[in-house]
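Everything below belongs to target.csv, which stores CSV, C-alpha atoms.
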chain,number,residue,atom,x,y,z
A,1,MET,CA,-45.5,46.5,-90.4
A,2,ASN,CA,-42.5,45.7,-92.5
A,3,ARG,CA,-44.8,44.2,-95.1
A,4,LYS,CA,-46.9,47.4,-95.1
A,5,ARG,CA,-43.8,49.5,-95.5
A,6,GLN,CA,-42.6,47.3,-98.4
A,7,VAL,CA,-45.9,47.7,-100.2
A,8,VAL,CA,-45.8,51.5,-99.8
A,9,ALA,CA,-42.2,51.6,-101.0
A,10,GLU,CA,-43.0,49.5,-104.0
A,11,PHE,CA,-46.0,51.6,-104.9
A,12,ALA,CA,-43.9,54.8,-104.6
A,13,ARG,CA,-41.3,53.2,-106.9
A,14,TYR,CA,-44.1,52.4,-109.3
A,15,LEU,CA,-45.2,56.0,-109.3
A,16,ARG,CA,-41.7,57.2,-110.0
A,17,THR,CA,-41.7,55.6,-113.5
A,18,GLU,CA,-42.4,58.1,-116.2
A,19,THR,CA,-44.7,55.7,-118.1
A,20,VAL,CA,-46.9,55.4,-115.0
A,21,GLY,CA,-46.9,59.2,-114.4
A,22,GLY,CA,-47.9,59.8,-118.0
A,23,LEU,CA,-50.7,57.3,-117.8
A,24,ILE,CA,-52.1,58.8,-114.5
A,25,LEU,CA,-52.0,62.2,-116.1
A,26,LEU,CA,-53.9,60.9,-119.1
A,27,ALA,CA,-56.4,59.2,-116.9
A,28,ALA,CA,-57.0,62.4,-114.9
A,29,THR,CA,-57.5,64.3,-118.1
A,30,ALA,CA,-60.0,61.8,-119.3
A,31,VAL,CA,-61.9,61.9,-116.1
A,32,ALA,CA,-62.0,65.7,-116.2
A,33,LEU,CA,-63.3,65.8,-119.8
A,34,LEU,CA,-66.0,63.1,-119.1
A,35,TRP,CA,-67.1,64.8,-115.8
A,36,ALA,CA,-67.2,68.3,-117.3
A,37,ASN,CA,-69.2,67.1,-120.3
A,38,SER,CA,-71.6,64.9,-118.4
A,39,PRO,CA,-75.0,65.6,-116.7
A,40,PHE,CA,-72.8,66.0,-113.5
A,41,SER,CA,-70.9,69.0,-114.8
A,42,PRO,CA,-72.5,71.4,-112.2
A,43,ALA,CA,-70.9,69.2,-109.5
A,44,TYR,CA,-67.6,69.5,-111.3
A,45,GLU,CA,-67.8,73.3,-111.4
A,46,ALA,CA,-68.9,73.4,-107.7
A,47,VAL,CA,-65.9,71.4,-106.5
A,48,ARG,CA,-63.5,73.3,-108.7
A,49,ASP,CA,-64.8,76.7,-107.6
A,50,PHE,CA,-65.2,75.8,-103.9
A,51,HIS,CA,-63.0,78.2,-101.8
A,52,ILE,CA,-60.9,77.0,-98.9
A,53,GLY,CA,-58.1,78.5,-96.9
A,54,PRO,CA,-57.5,81.4,-94.4
A,55,GLU,CA,-58.8,84.7,-95.6
A,56,SER,CA,-56.6,86.6,-93.2
A,57,LEU,CA,-53.5,85.4,-95.2
A,58,HIS,CA,-55.2,86.1,-98.5
A,59,LEU,CA,-55.2,82.3,-99.1
A,60,SER,CA,-58.9,81.7,-99.5
A,61,LEU,CA,-58.5,80.1,-102.9
A,62,SER,CA,-60.7,77.9,-105.0
A,63,VAL,CA,-59.8,74.2,-105.2
A,64,GLY,CA,-58.7,74.9,-108.8
A,65,ASP,CA,-56.4,77.7,-107.8
A,66,TRP,CA,-54.9,75.6,-105.0
A,67,ALA,CA,-54.2,72.9,-107.7
A,68,LYS,CA,-52.5,75.3,-110.1
A,69,ASP,CA,-50.7,77.5,-107.5
A,70,GLY,CA,-49.9,75.0,-104.8
A,71,LEU,CA,-49.7,71.5,-106.2
A,72,LEU,CA,-47.8,72.6,-109.4
A,73,ALA,CA,-45.2,74.2,-107.1
A,74,ILE,CA,-44.3,70.6,-106.0
A,75,PHE,CA,-44.1,69.5,-109.6
A,76,PHE,CA,-41.8,72.4,-110.6
A,77,PHE,CA,-39.7,71.7,-107.5
A,78,VAL,CA,-39.1,68.1,-108.5
A,79,ALA,CA,-38.4,69.1,-112.2
A,80,GLY,CA,-36.0,71.8,-111.0
A,81,LEU,CA,-34.1,69.3,-108.8
A,82,GLU,CA,-33.5,67.0,-111.8
A,83,LEU,CA,-32.5,69.8,-114.0
A,84,LYS,CA,-29.9,71.2,-111.5
A,85,ARG,CA,-28.6,67.7,-111.0
A,86,GLU,CA,-28.1,67.3,-114.8
A,87,LEU,CA,-26.4,70.7,-115.0
A,88,VAL,CA,-24.0,70.1,-112.1
A,89,ILE,CA,-23.1,66.4,-112.3
A,90,GLY,CA,-25.1,65.0,-115.2
A,91,GLU,CA,-24.9,64.9,-119.0
A,92,LEU,CA,-25.4,68.7,-119.2
A,93,ASN,CA,-22.2,69.4,-117.3
A,94,ASN,CA,-20.5,69.8,-120.7
A,95,LEU,CA,-21.1,73.3,-122.0
A,96,LYS,CA,-21.9,72.4,-125.6
A,97,ALA,CA,-24.2,69.7,-124.4
A,98,ALA,CA,-26.0,72.1,-122.1
A,99,ILE,CA,-26.3,74.8,-124.7
A,100,LEU,CA,-28.3,72.7,-127.2
A,101,PRO,CA,-31.5,72.3,-125.1
A,102,VAL,CA,-31.3,75.9,-124.0
A,103,VAL,CA,-31.1,77.2,-127.6
A,104,ALA,CA,-33.8,74.7,-128.7
A,105,ALA,CA,-36.1,75.9,-125.8
A,106,VAL,CA,-35.6,79.5,-126.9
A,107,GLY,CA,-36.5,78.6,-130.5
A,108,GLY,CA,-39.4,76.5,-129.2
A,109,MET,CA,-40.7,79.6,-127.3
A,110,VAL,CA,-40.2,82.3,-129.9
A,111,VAL,CA,-41.5,80.6,-133.0
A,112,PRO,CA,-44.8,79.4,-131.4
A,113,ALA,CA,-45.4,82.9,-130.0
A,114,VAL,CA,-44.8,84.4,-133.5
A,115,VAL,CA,-47.2,81.8,-135.1
A,116,ALA,CA,-49.9,82.5,-132.5
A,117,ILE,CA,-49.6,86.3,-132.9
A,118,GLY,CA,-49.6,86.0,-136.7
A,119,VAL,CA,-52.6,83.7,-136.9
A,120,GLY,CA,-54.6,85.4,-134.2
A,121,TRP,CA,-53.7,89.0,-135.0
A,122,GLY,CA,-56.6,91.4,-134.3
A,123,GLU,CA,-58.5,88.9,-132.1
A,124,PRO,CA,-59.4,90.2,-128.6
A,125,GLY,CA,-57.1,88.6,-126.0
A,126,ILE,CA,-54.2,87.7,-128.4
A,127,GLU,CA,-52.0,90.3,-126.7
A,128,ARG,CA,-51.9,87.9,-123.7
A,129,ALA,CA,-52.9,84.6,-125.3
A,130,TRP,CA,-49.7,84.4,-127.5
A,131,ALA,CA,-47.9,83.1,-124.4
A,132,ILE,CA,-50.1,79.9,-124.3
A,133,PRO,CA,-48.1,77.8,-126.8
A,134,VAL,CA,-44.6,78.6,-125.4
A,135,ALA,CA,-44.5,75.8,-122.8
A,136,THR,CA,-43.9,72.1,-123.0
A,137,ASP,CA,-45.5,69.7,-120.5
A,138,ILE,CA,-42.6,67.8,-118.9
A,139,ALA,CA,-44.6,64.9,-117.3
A,140,PHE,CA,-46.7,64.1,-120.3
A,141,ALA,CA,-43.8,64.5,-122.9
A,142,LEU,CA,-41.5,62.3,-120.9
A,143,GLY,CA,-44.3,59.8,-120.4
A,144,VAL,CA,-44.9,59.5,-124.2
A,145,LEU,CA,-41.1,59.2,-124.7
A,146,ALA,CA,-40.9,56.5,-122.2
A,147,ILE,CA,-43.7,54.5,-123.8
A,148,THR,CA,-42.7,54.9,-127.4
A,149,GLY,CA,-39.0,55.6,-127.5
A,150,SER,CA,-37.4,52.9,-125.4
A,151,GLY,CA,-34.8,52.1,-128.1
A,152,LEU,CA,-33.6,55.7,-128.4
A,153,PRO,CA,-30.3,57.0,-126.9
A,154,SER,CA,-30.6,58.1,-123.3
A,155,GLY,CA,-29.3,61.5,-124.1
A,156,LEU,CA,-32.5,62.3,-125.9
A,157,ARG,CA,-34.4,62.0,-122.6
A,158,VAL,CA,-32.0,64.5,-120.9
A,159,PHE,CA,-32.4,66.8,-123.9
A,160,LEU,CA,-36.2,66.7,-123.7
A,161,LEU,CA,-36.2,67.2,-119.9
A,162,SER,CA,-33.8,70.1,-120.1
A,163,LEU,CA,-35.7,71.7,-123.0
A,164,ALA,CA,-39.0,71.3,-121.2
A,165,VAL,CA,-37.7,72.7,-117.9
A,166,VAL,CA,-36.1,75.7,-119.6
A,167,ASP,CA,-39.1,76.7,-121.6
A,168,ASP,CA,-41.4,76.1,-118.7
A,169,LEU,CA,-39.1,78.4,-116.7
A,170,GLY,CA,-39.4,80.9,-119.5
A,171,ALA,CA,-43.2,80.5,-119.4
A,172,ILE,CA,-43.2,81.1,-115.6
A,173,VAL,CA,-41.2,84.3,-116.2
A,174,LEU,CA,-43.8,85.3,-118.8
A,175,ILE,CA,-46.5,84.6,-116.2
A,176,ALA,CA,-44.7,86.8,-113.7
A,177,VAL,CA,-44.4,89.6,-116.2
A,178,LEU,CA,-47.7,89.4,-118.0
A,179,PHE,CA,-50.1,88.2,-115.4
A,180,THR,CA,-49.0,89.9,-112.2
A,181,ALA,CA,-51.9,92.2,-111.4
A,182,SER,CA,-50.2,93.8,-108.4
A,183,PHE,CA,-46.8,93.6,-106.9
A,184,ASN,CA,-46.1,93.5,-103.2
A,185,LEU,CA,-42.5,94.6,-102.6
A,186,VAL,CA,-42.4,93.7,-98.9
A,187,ALA,CA,-43.6,90.2,-99.6
A,188,ALA,CA,-41.1,89.8,-102.5
A,189,LEU,CA,-38.3,90.9,-100.1
A,190,VAL,CA,-39.5,88.4,-97.5
A,191,ALA,CA,-39.4,85.7,-100.2
A,192,VAL,CA,-35.8,86.6,-101.2
A,193,ALA,CA,-34.8,86.6,-97.5
A,194,LEU,CA,-36.3,83.1,-97.0
A,195,LEU,CA,-34.6,81.8,-100.1
A,196,GLY,CA,-31.3,83.2,-98.8
A,197,LEU,CA,-31.9,81.4,-95.5
A,198,TYR,CA,-32.6,78.2,-97.4
A,199,ALA,CA,-29.4,78.5,-99.4
A,200,PHE,CA,-27.5,79.3,-96.1
A,201,LEU,CA,-28.9,76.1,-94.4
A,202,GLN,CA,-27.9,74.1,-97.5
A,203,HIS,CA,-24.4,75.5,-97.3
A,204,LYS,CA,-24.2,74.6,-93.6
A,205,ARG,CA,-25.3,71.1,-94.3
A,206,VAL,CA,-28.5,71.4,-92.2
A,207,THR,CA,-30.8,68.5,-92.9
A,208,SER,CA,-33.8,68.8,-90.5
A,209,PRO,CA,-37.2,68.8,-92.3
A,210,PHE,CA,-38.6,70.6,-89.3
A,211,LEU,CA,-36.7,73.7,-90.6
A,212,TYR,CA,-37.1,73.1,-94.3
A,213,VAL,CA,-40.8,72.4,-94.5
A,214,PRO,CA,-41.9,75.6,-92.8
A,215,LEU,CA,-39.3,77.5,-94.7
A,216,ALA,CA,-40.6,76.1,-98.1
A,217,VAL,CA,-44.2,76.8,-97.1
A,218,GLY,CA,-43.3,80.3,-96.0
A,219,THR,CA,-41.4,81.0,-99.2
A,220,TRP,CA,-44.5,79.8,-101.2
A,221,VAL,CA,-46.8,82.1,-99.2
A,222,ALA,CA,-44.5,85.1,-99.6
A,223,VAL,CA,-44.2,84.6,-103.4
A,224,HIS,CA,-47.9,84.2,-103.7
A,225,GLU,CA,-48.5,87.3,-101.6
A,226,ALA,CA,-46.0,89.2,-103.7
A,227,GLY,CA,-48.3,88.8,-106.7
A,228,ILE,CA,-45.9,86.5,-108.6
A,229,HIS,CA,-47.1,83.1,-109.6
A,230,ALA,CA,-46.3,80.8,-106.7
A,231,THR,CA,-44.8,78.0,-108.8
A,232,ILE,CA,-41.7,80.2,-109.0
A,233,ALA,CA,-41.1,79.3,-105.4
A,234,GLY,CA,-40.7,75.7,-106.3
A,235,VAL,CA,-38.2,76.3,-109.0
A,236,ALA,CA,-36.2,78.8,-106.9
A,237,LEU,CA,-35.9,76.4,-104.0
A,238,ALA,CA,-34.9,73.5,-106.3
A,239,LEU,CA,-32.1,75.5,-107.9
A,240,LEU,CA,-30.7,76.4,-104.4
A,241,THR,CA,-30.7,72.7,-103.3
A,242,ARG,CA,-27.3,71.0,-103.0
A,243,VAL,CA,-26.7,68.3,-105.6
A,244,ARG,CA,-23.2,67.0,-104.7
A,245,LYS,CA,-23.1,64.6,-101.7
A,246,ASP,CA,-20.4,64.8,-99.0
A,247,HIS,CA,-18.2,61.8,-98.3
A,248,TYR,CA,-20.3,60.9,-95.2
A,249,GLU,CA,-23.7,61.1,-97.1
A,250,HIS,CA,-25.5,58.2,-98.7
A,251,GLU,CA,-27.1,60.6,-101.2
A,252,ALA,CA,-27.2,64.3,-101.9
A,253,PRO,CA,-30.1,66.4,-100.7
A,254,ALA,CA,-31.4,67.0,-104.2
A,255,LEU,CA,-31.5,63.3,-105.0
A,256,ARG,CA,-33.1,62.4,-101.7
A,257,LEU,CA,-35.8,65.1,-102.1
A,258,GLU,CA,-36.4,64.1,-105.7
A,259,HIS,CA,-36.8,60.4,-104.7
A,260,ARG,CA,-39.3,61.2,-101.9
A,261,LEU,CA,-41.4,63.8,-103.7
A,262,GLN,CA,-41.5,62.3,-107.2
A,263,PRO,CA,-44.4,59.9,-106.3
A,264,TRP,CA,-46.4,62.8,-104.8
A,265,SER,CA,-45.7,64.9,-107.9
A,266,ALA,CA,-46.6,62.2,-110.4
A,267,GLY,CA,-49.4,60.6,-108.4
A,268,VAL,CA,-51.1,63.6,-106.8
A,269,ALA,CA,-49.9,67.0,-107.8
A,270,VAL,CA,-50.0,66.9,-111.6
A,271,PRO,CA,-53.1,64.6,-111.9
A,272,VAL,CA,-55.2,66.8,-109.5
A,273,PHE,CA,-54.2,69.9,-111.4
A,274,ALA,CA,-55.2,68.2,-114.7
A,275,LEU,CA,-58.5,67.1,-113.1
A,276,PHE,CA,-59.5,70.7,-112.4
A,277,ALA,CA,-57.8,72.3,-115.5
A,278,ALA,CA,-58.8,70.0,-118.3
A,279,GLY,CA,-62.6,70.0,-117.7
A,280,VAL,CA,-63.7,72.0,-120.8
A,281,PRO,CA,-66.6,71.5,-123.2
A,282,VAL,CA,-65.6,69.3,-126.1
A,283,ASN,CA,-68.9,68.7,-127.9
A,284,GLY,CA,-69.0,68.8,-131.7
A,285,GLU,CA,-70.0,72.5,-131.8
A,286,ALA,CA,-67.2,73.5,-129.4
A,287,LEU,CA,-64.6,71.6,-131.4
A,288,GLY,CA,-65.8,72.9,-134.7
A,289,SER,CA,-65.6,76.5,-133.4
A,290,LEU,CA,-61.9,76.0,-132.6
A,291,PHE,CA,-61.1,76.0,-136.4
A,292,SER,CA,-63.1,79.2,-137.0
A,293,ASP,CA,-61.7,81.0,-134.0
A,294,LYS,CA,-58.4,82.7,-135.0
A,295,LEU,CA,-57.1,82.9,-131.5
A,296,ALA,CA,-57.7,79.1,-130.8
A,297,LEU,CA,-56.3,78.3,-134.2
A,298,GLY,CA,-53.1,80.3,-133.4
A,299,VAL,CA,-52.7,78.4,-130.2
A,300,MET,CA,-53.0,75.0,-132.0
A,301,LEU,CA,-50.7,75.9,-134.8
A,302,GLY,CA,-48.3,77.4,-132.4
A,303,LEU,CA,-48.0,74.2,-130.4
A,304,VAL,CA,-48.1,71.6,-133.3
A,305,VAL,CA,-46.2,73.6,-136.0
A,306,GLY,CA,-44.4,76.4,-134.2
A,307,LYS,CA,-42.8,74.1,-131.6
A,308,LEU,CA,-41.5,71.7,-134.2
A,309,VAL,CA,-40.1,74.4,-136.4
A,310,GLY,CA,-38.6,76.4,-133.5
A,311,ILE,CA,-36.9,73.5,-131.7
A,312,VAL,CA,-35.5,71.8,-134.8
A,313,GLY,CA,-34.5,75.0,-136.5
A,314,ALA,CA,-32.7,76.5,-133.4
A,315,SER,CA,-31.0,73.1,-132.7
A,316,ALA,CA,-29.8,72.8,-136.3
A,317,LEU,CA,-28.4,76.3,-136.4
A,318,ALA,CA,-26.6,75.8,-133.0
A,319,VAL,CA,-24.9,72.6,-134.3
A,320,LEU,CA,-24.2,74.1,-137.7
A,321,PHE,CA,-22.3,77.0,-136.1
A,322,LYS,CA,-20.6,74.6,-133.7
A,323,ALA,CA,-22.0,76.3,-130.6
A,324,ALA,CA,-23.5,72.9,-129.6
A,325,VAL,CA,-23.4,69.2,-130.3
A,326,TRP,CA,-26.1,66.6,-130.8
A,327,PRO,CA,-26.8,64.3,-127.9
A,328,SER,CA,-24.6,61.2,-127.9
A,329,GLY,CA,-25.7,58.7,-130.5
A,330,ALA,CA,-28.5,61.0,-131.8
A,331,GLY,CA,-28.9,63.1,-134.9
A,332,TRP,CA,-31.3,65.6,-136.4
A,333,ARG,CA,-34.0,63.0,-137.2
A,334,ASP,CA,-34.1,62.0,-133.6
A,335,ILE,CA,-34.3,65.6,-132.5
A,336,THR,CA,-37.2,66.1,-134.9
A,337,ALA,CA,-39.1,63.2,-133.3
A,338,VAL,CA,-38.5,64.6,-129.8
A,339,ALA,CA,-39.3,68.1,-131.0
A,340,MET,CA,-42.7,67.0,-131.9
A,341,LEU,CA,-43.3,66.3,-128.2
A,342,GLY,CA,-42.6,70.0,-127.6
A,343,GLY,CA,-46.1,70.6,-128.9
A,344,VAL,CA,-47.6,68.8,-125.8
A,345,GLY,CA,-48.3,72.0,-124.0
A,346,PHE,CA,-50.9,70.7,-121.5
A,347,THR,CA,-50.0,71.6,-117.9
A,348,VAL,CA,-48.4,75.0,-118.2
A,349,SER,CA,-50.2,75.9,-121.4
A,350,LEU,CA,-53.5,75.2,-119.6
A,351,LEU,CA,-52.3,77.3,-116.7
A,352,ILE,CA,-51.5,80.3,-119.0
A,353,ALA,CA,-54.8,79.9,-120.8
A,354,ASP,CA,-56.5,80.2,-117.4
A,355,LEU,CA,-54.6,83.3,-116.6
A,356,ALA,CA,-54.6,85.0,-120.0
A,357,LEU,CA,-58.3,84.5,-120.9
A,358,ASP,CA,-61.7,84.8,-119.2
A,359,GLY,CA,-65.0,83.1,-119.6
A,360,GLN,CA,-65.8,81.4,-122.9
A,361,ALA,CA,-62.4,82.5,-124.4
A,362,ALA,CA,-60.6,80.6,-121.6
A,363,GLU,CA,-62.6,77.5,-122.4
A,364,GLN,CA,-61.8,77.8,-126.1
A,365,GLY,CA,-58.1,78.4,-125.3
A,366,LYS,CA,-57.9,75.3,-123.0
A,367,ALA,CA,-59.8,73.2,-125.6
A,368,ALA,CA,-57.3,74.3,-128.2
A,369,VAL,CA,-54.4,73.3,-125.9
A,370,LEU,CA,-55.9,69.8,-125.3
A,371,LEU,CA,-56.6,69.2,-129.0
A,372,ALA,CA,-53.1,70.4,-130.1
A,373,SER,CA,-51.4,68.4,-127.3
A,374,MET,CA,-53.3,65.2,-128.3
A,375,ALA,CA,-52.3,65.7,-132.0
A,376,ALA,CA,-48.7,66.4,-131.1
A,377,SER,CA,-48.6,63.3,-128.8
A,378,LEU,CA,-49.9,61.1,-131.6
A,379,LEU,CA,-47.5,62.5,-134.3
A,380,ALA,CA,-44.6,62.3,-131.9
A,381,ALA,CA,-45.4,58.7,-130.9
A,382,ILE,CA,-45.3,57.7,-134.6
A,383,LEU,CA,-42.0,59.4,-135.2
A,384,LEU,CA,-40.5,58.0,-132.0
A,385,ILE,CA,-41.5,54.4,-132.7
A,386,ARG,CA,-39.9,54.7,-136.1
A,387,ARG,CA,-36.7,56.2,-134.8
A,388,SER,CA,-36.6,53.6,-132.0
A,389,ARG,CA,-36.8,50.8,-134.5
A,390,VAL,CA,-33.9,52.3,-136.5
A,391,HIS,CA,-31.7,52.5,-133.4
A,392,GLN,CA,-32.6,49.0,-132.4
A,393,ARG,CA,-31.7,47.7,-135.8
A,394,LEU,CA,-28.4,49.5,-135.8
A,395,ASP,CA,-27.6,48.1,-132.3
A,396,GLU,CA,-28.3,44.5,-133.6
A,397,GLU,CA,-26.0,45.1,-136.6
A,398,VAL,CA,-23.2,46.2,-134.3

What is this file in structure tokens?
Amino acid sequence: MNRKRQVVAEFARYLRTETVGGLILLAATAVALLWANSPFSPAYEAVRDFHIGPESLHLSLSVGDWAKDGLLAIFFFVAGLELKRELVIGELNNLKAAILPVVAAVGGMVVPAVVAIGVGWGEPGIERAWAIPVATDIAFALGVLAITGSGLPSGLRVFLLSLAVVDDLGAIVLIAVLFTASFNLVAALVAVALLGLYAFLQHKRVTSPFLYVPLAVGTWVAVHEAGIHATIAGVALALLTRVRKDHYEHEAPALRLEHRLQPWSAGVAVPVFALFAAGVPVNGEALGSLFSDKLALGVMLGLVVGKLVGIVGASALAVLFKAAVWPSGAGWRDITAVAMLGGVGFTVSLLIADLALDGQAAEQGKAAVLLASMAASLLAAILLIRRSRVHQRLDEEV
């Protein structure tokens, strides 16, 4: 039994590494693309569109919807835990250090949206599709950074994590504002009450999972029933979780939860979402049409060009006016390399494409996200490897 537990613990530790998480995500994406573009594509669509869940609770959702509404809530809960930990006791505890990724995230949201609107102006659906390139995929971006930027200052990872979480939170707010078809005030009030109870239990140092698990599930159901995208429940719960440990505790609740849930997030939640979100047609005709479709072109340029310009420009202005400081040991060239990773929209961008567009337009939008994310990943990898070598050379000279 001890041997079995040891193997499970080691496997969980393996799943916690960002490199492995990125590779699993990449593998799930590849499987989705191959499956959706194979003779077995009808089976893919049948599984993705199969409905399951209690109709009485308005939770009879397709497998694809469960992946993007339910599993992604786990992903955002874990990301929110890490962000709060960095803000309270980590590298972002310093105000000027914390401001930089926030300003960069705002720039990385506004400029891509402007680019998408400018390029896609007049196209049907652009009034909603401009939101597609505003988000950065945390898991994929950190995975690429872990693989290619091992020699870079550690502050860059915190910068990228914070930036990605902030602009994903911004994207979720956009989802709530733009894509909420109907709003149930009673359900929203129930969600607020449950979140208040969660915060109260945290304050009273209650630790029982028999209370927290039903409470978290109930919050998710209430947020979903309110008509707001249910991933907000994950973020809200994370930001209410205590990150400072008491003298009698081995570790704080946030760290304990992050440690336990990270393998599930990286090994199950995100890959399953990718499996059912990334299955879009990518034949020659479909890819060729992306460059003649102004909406798809706006999404691609928003991610690859808009993200880079927005993040670097906003960061440089913040430092120039002394409102923020560069991460320790890093400069604008390092920020430029990391900013290229901002163009990896993937998870949340695919989610917004699903919500913003219908039918063939949605397939085109998701194909544009995949192509742009791949291009941004490759360009970022080249820049990160070069900057990593520079830092390694400087370390050797010292």

Counting only C-alpha atoms, closest pick from A:Phe140, A:Leu261, A:Leu287, A:Ser162 relative to Asn93 of chain A is A:Ser162

Between A:Val280, A:Ala141, A:Met300, A:Leu308, which has the minimum distance to Ala30 of chain A (counting all atoms listed in the file)? A:Val280

Quick one: everything within 9 Å of Ile335 of chain A, counting all atoms listed in the file, minus sequence neighbours fewer than 2 positions away in the same chain. Send it as a list in words.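 Using all atoms listed in the file, the neighbours found are Leu156, Phe159, Ile311, Val312, Ser315, Trp326, Pro327, Ala330, Gly331, Trp332, Arg333, Ala337, Val338, Ala339 and Met340 of chain A.
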
Test item: residues at most 9 Å from Trp130 of chain A, all atoms listed in the file, excluding those fewer than 2 positions along its chain, as number ranges by chain: A: 112-117, 120, 125-128, 132-134, 295, 298-299, 302, 356

Extract, using all atoms listed in the file, all DNA, RNA and protein residues at most 6 Å from Gly107 of chain A, discarding same-chain residues fewer than 3 positions from it, and format them as a tab-separated table (two decimals) with C-alpha atoms, keeping the file's coordinate frame.
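The new file around-v1.tsv reads:
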chain	number	residue	atom	x	y	z
A	104	ALA	CA	-33.80	74.70	-128.70
A	110	VAL	CA	-40.20	82.30	-129.90
A	111	VAL	CA	-41.50	80.60	-133.00
A	310	GLY	CA	-38.60	76.40	-133.50
A	311	ILE	CA	-36.90	73.50	-131.70
A	314	ALA	CA	-32.70	76.50	-133.40

Find the residues around segment 199-216 of chain A up to 6 Å (all atoms listed in the file counted), leave out those fewer than 3 positions away in its own chain, and share them as number ranges by chain. A: 196, 219, 240

Between segment 222-275 of chain A and segment 69-76 of chain A, at 9 Å or less, what are the per-residue closest atom pairs and their distances in Å? Count all atoms listed in the file, order by chain and rising residue number, and return it as a tab-separated table.
residue	atom	partner	partner_atom	distance
A:His224	CA	A:Asp69	CA	8.2
A:His229	CA	A:Asp69	CA	7.0
A:Ala230	CA	A:Asp69	CA	5.6
A:Thr231	CA	A:Ala73	CA	4.2
A:Ile232	CA	A:Ala73	CA	7.2
A:Ala233	CA	A:Ala73	CA	6.8
A:Gly234	CA	A:Ala73	CA	4.8
A:Val235	CA	A:Phe76	CA	5.5
A:Ala238	CA	A:Phe76	CA	8.2
A:Leu261	CA	A:Ile74	CA	7.7
A:Gln262	CA	A:Phe75	CA	8.0
A:Trp264	CA	A:Ile74	CA	8.2
A:Ser265	CA	A:Phe75	CA	5.2
A:Ala266	CA	A:Phe75	CA	7.8
A:Val268	CA	A:Leu71	CA	8.0
A:Ala269	CA	A:Leu71	CA	4.8
A:Val270	CA	A:Leu72	CA	6.5
A:Val272	CA	A:Leu71	CA	8.0
A:Phe273	CA	A:Leu71	CA	7.1

Check the smallest atom-to-atom distance from each of A:Met374, A:Leu237, A:Val319, A:Ala129 to Ala361 of chain A using all atoms listed in the file, then report the winner.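 Result for the nearest residue to Ala361 of chain A: A:Ala129.
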
Please tabulate, as CSV, the residues of segment 209-254 of chain A that come within 6 Å of segment 185-194 of chain A, each with its closest pair of atoms and the distance in Å to one decimal, counting all atoms listed in the file and ordering rows by chain, then residue number upward.
residue,atom,partner,partner_atom,distance
A:Thr219,CA,A:Ala191,CA,5.2
A:Ala222,CA,A:Ala191,CA,5.2
A:Val223,CA,A:Ala191,CA,5.9
A:Ala226,CA,A:Ala187,CA,4.9

Atom-to-atom span, atom CA of Ala28 of chain A and atom CA of Ser377 of chain A, Å: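 Separation between atom CA of Ala28 of chain A and atom CA of Ser377 of chain A: 16.3 Å.
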
Using all atoms listed in the file, can you tell me which of A:Leu83, A:Val20, A:Ala372, A:Leu152 comes closest to Val305 of chain A? A:Ala372

So what do you get for atom CA of Ile52 of chain A versus atom CA of Pro271 of chain A, distance-wise?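 Interatomic distance, atom CA of Ile52 of chain A to atom CA of Pro271 of chain A: 19.6 Å.
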
Since the input is missing atoms for segment 302-308 of chain A, could you rebuild it with N, CA, C and O atoms and give the result as a PDB file, keeping the file's coordinate frame?
ATOM      1  N   GLY A 302     -49.449  77.105-133.133  1.00  0.00           N
ATOM      2  CA  GLY A 302     -48.300  77.400-132.400  1.00  0.00           C
ATOM      3  C   GLY A 302     -47.661  76.207-131.710  1.00  0.00           C
ATOM      4  O   GLY A 302     -46.440  75.998-131.727  1.00  0.00           O
ATOM      5  N   LEU A 303     -48.517  75.369-131.131  1.00  0.00           N
ATOM      6  CA  LEU A 303     -48.000  74.200-130.400  1.00  0.00           C
ATOM      7  C   LEU A 303     -47.583  73.090-131.428  1.00  0.00           C
ATOM      8  O   LEU A 303     -46.490  72.528-131.280  1.00  0.00           O
ATOM      9  N   VAL A 304     -48.402  72.782-132.422  1.00  0.00           N
ATOM     10  CA  VAL A 304     -48.100  71.600-133.300  1.00  0.00           C
ATOM     11  C   VAL A 304     -47.044  71.990-134.342  1.00  0.00           C
ATOM     12  O   VAL A 304     -46.142  71.189-134.613  1.00  0.00           O
ATOM     13  N   VAL A 305     -47.129  73.181-134.937  1.00  0.00           N
ATOM     14  CA  VAL A 305     -46.200  73.600-136.000  1.00  0.00           C
ATOM     15  C   VAL A 305     -45.047  74.422-135.445  1.00  0.00           C
ATOM     16  O   VAL A 305     -43.878  74.160-135.707  1.00  0.00           O
ATOM     17  N   GLY A 306     -45.410  75.447-134.676  1.00  0.00           N
ATOM     18  CA  GLY A 306     -44.400  76.400-134.200  1.00  0.00           C
ATOM     19  C   GLY A 306     -43.346  75.699-133.315  1.00  0.00           C
ATOM     20  O   GLY A 306     -42.135  75.985-133.438  1.00  0.00           O
ATOM     21  N   LYS A 307     -43.751  74.812-132.429  1.00  0.00           N
ATOM     22  CA  LYS A 307     -42.800  74.100-131.600  1.00  0.00           C
ATOM     23  C   LYS A 307     -41.820  73.283-132.388  1.00  0.00           C
ATOM     24  O   LYS A 307     -40.608  73.314-132.154  1.00  0.00           O
ATOM     25  N   LEU A 308     -42.337  72.529-133.349  1.00  0.00           N
ATOM     26  CA  LEU A 308     -41.500  71.700-134.200  1.00  0.00           C
ATOM     27  C   LEU A 308     -40.469  72.501-134.951  1.00  0.00           C
ATOM     28  O   LEU A 308     -39.260  72.219-134.913  1.00  0.00           O
TER      29      LEU A 308
END
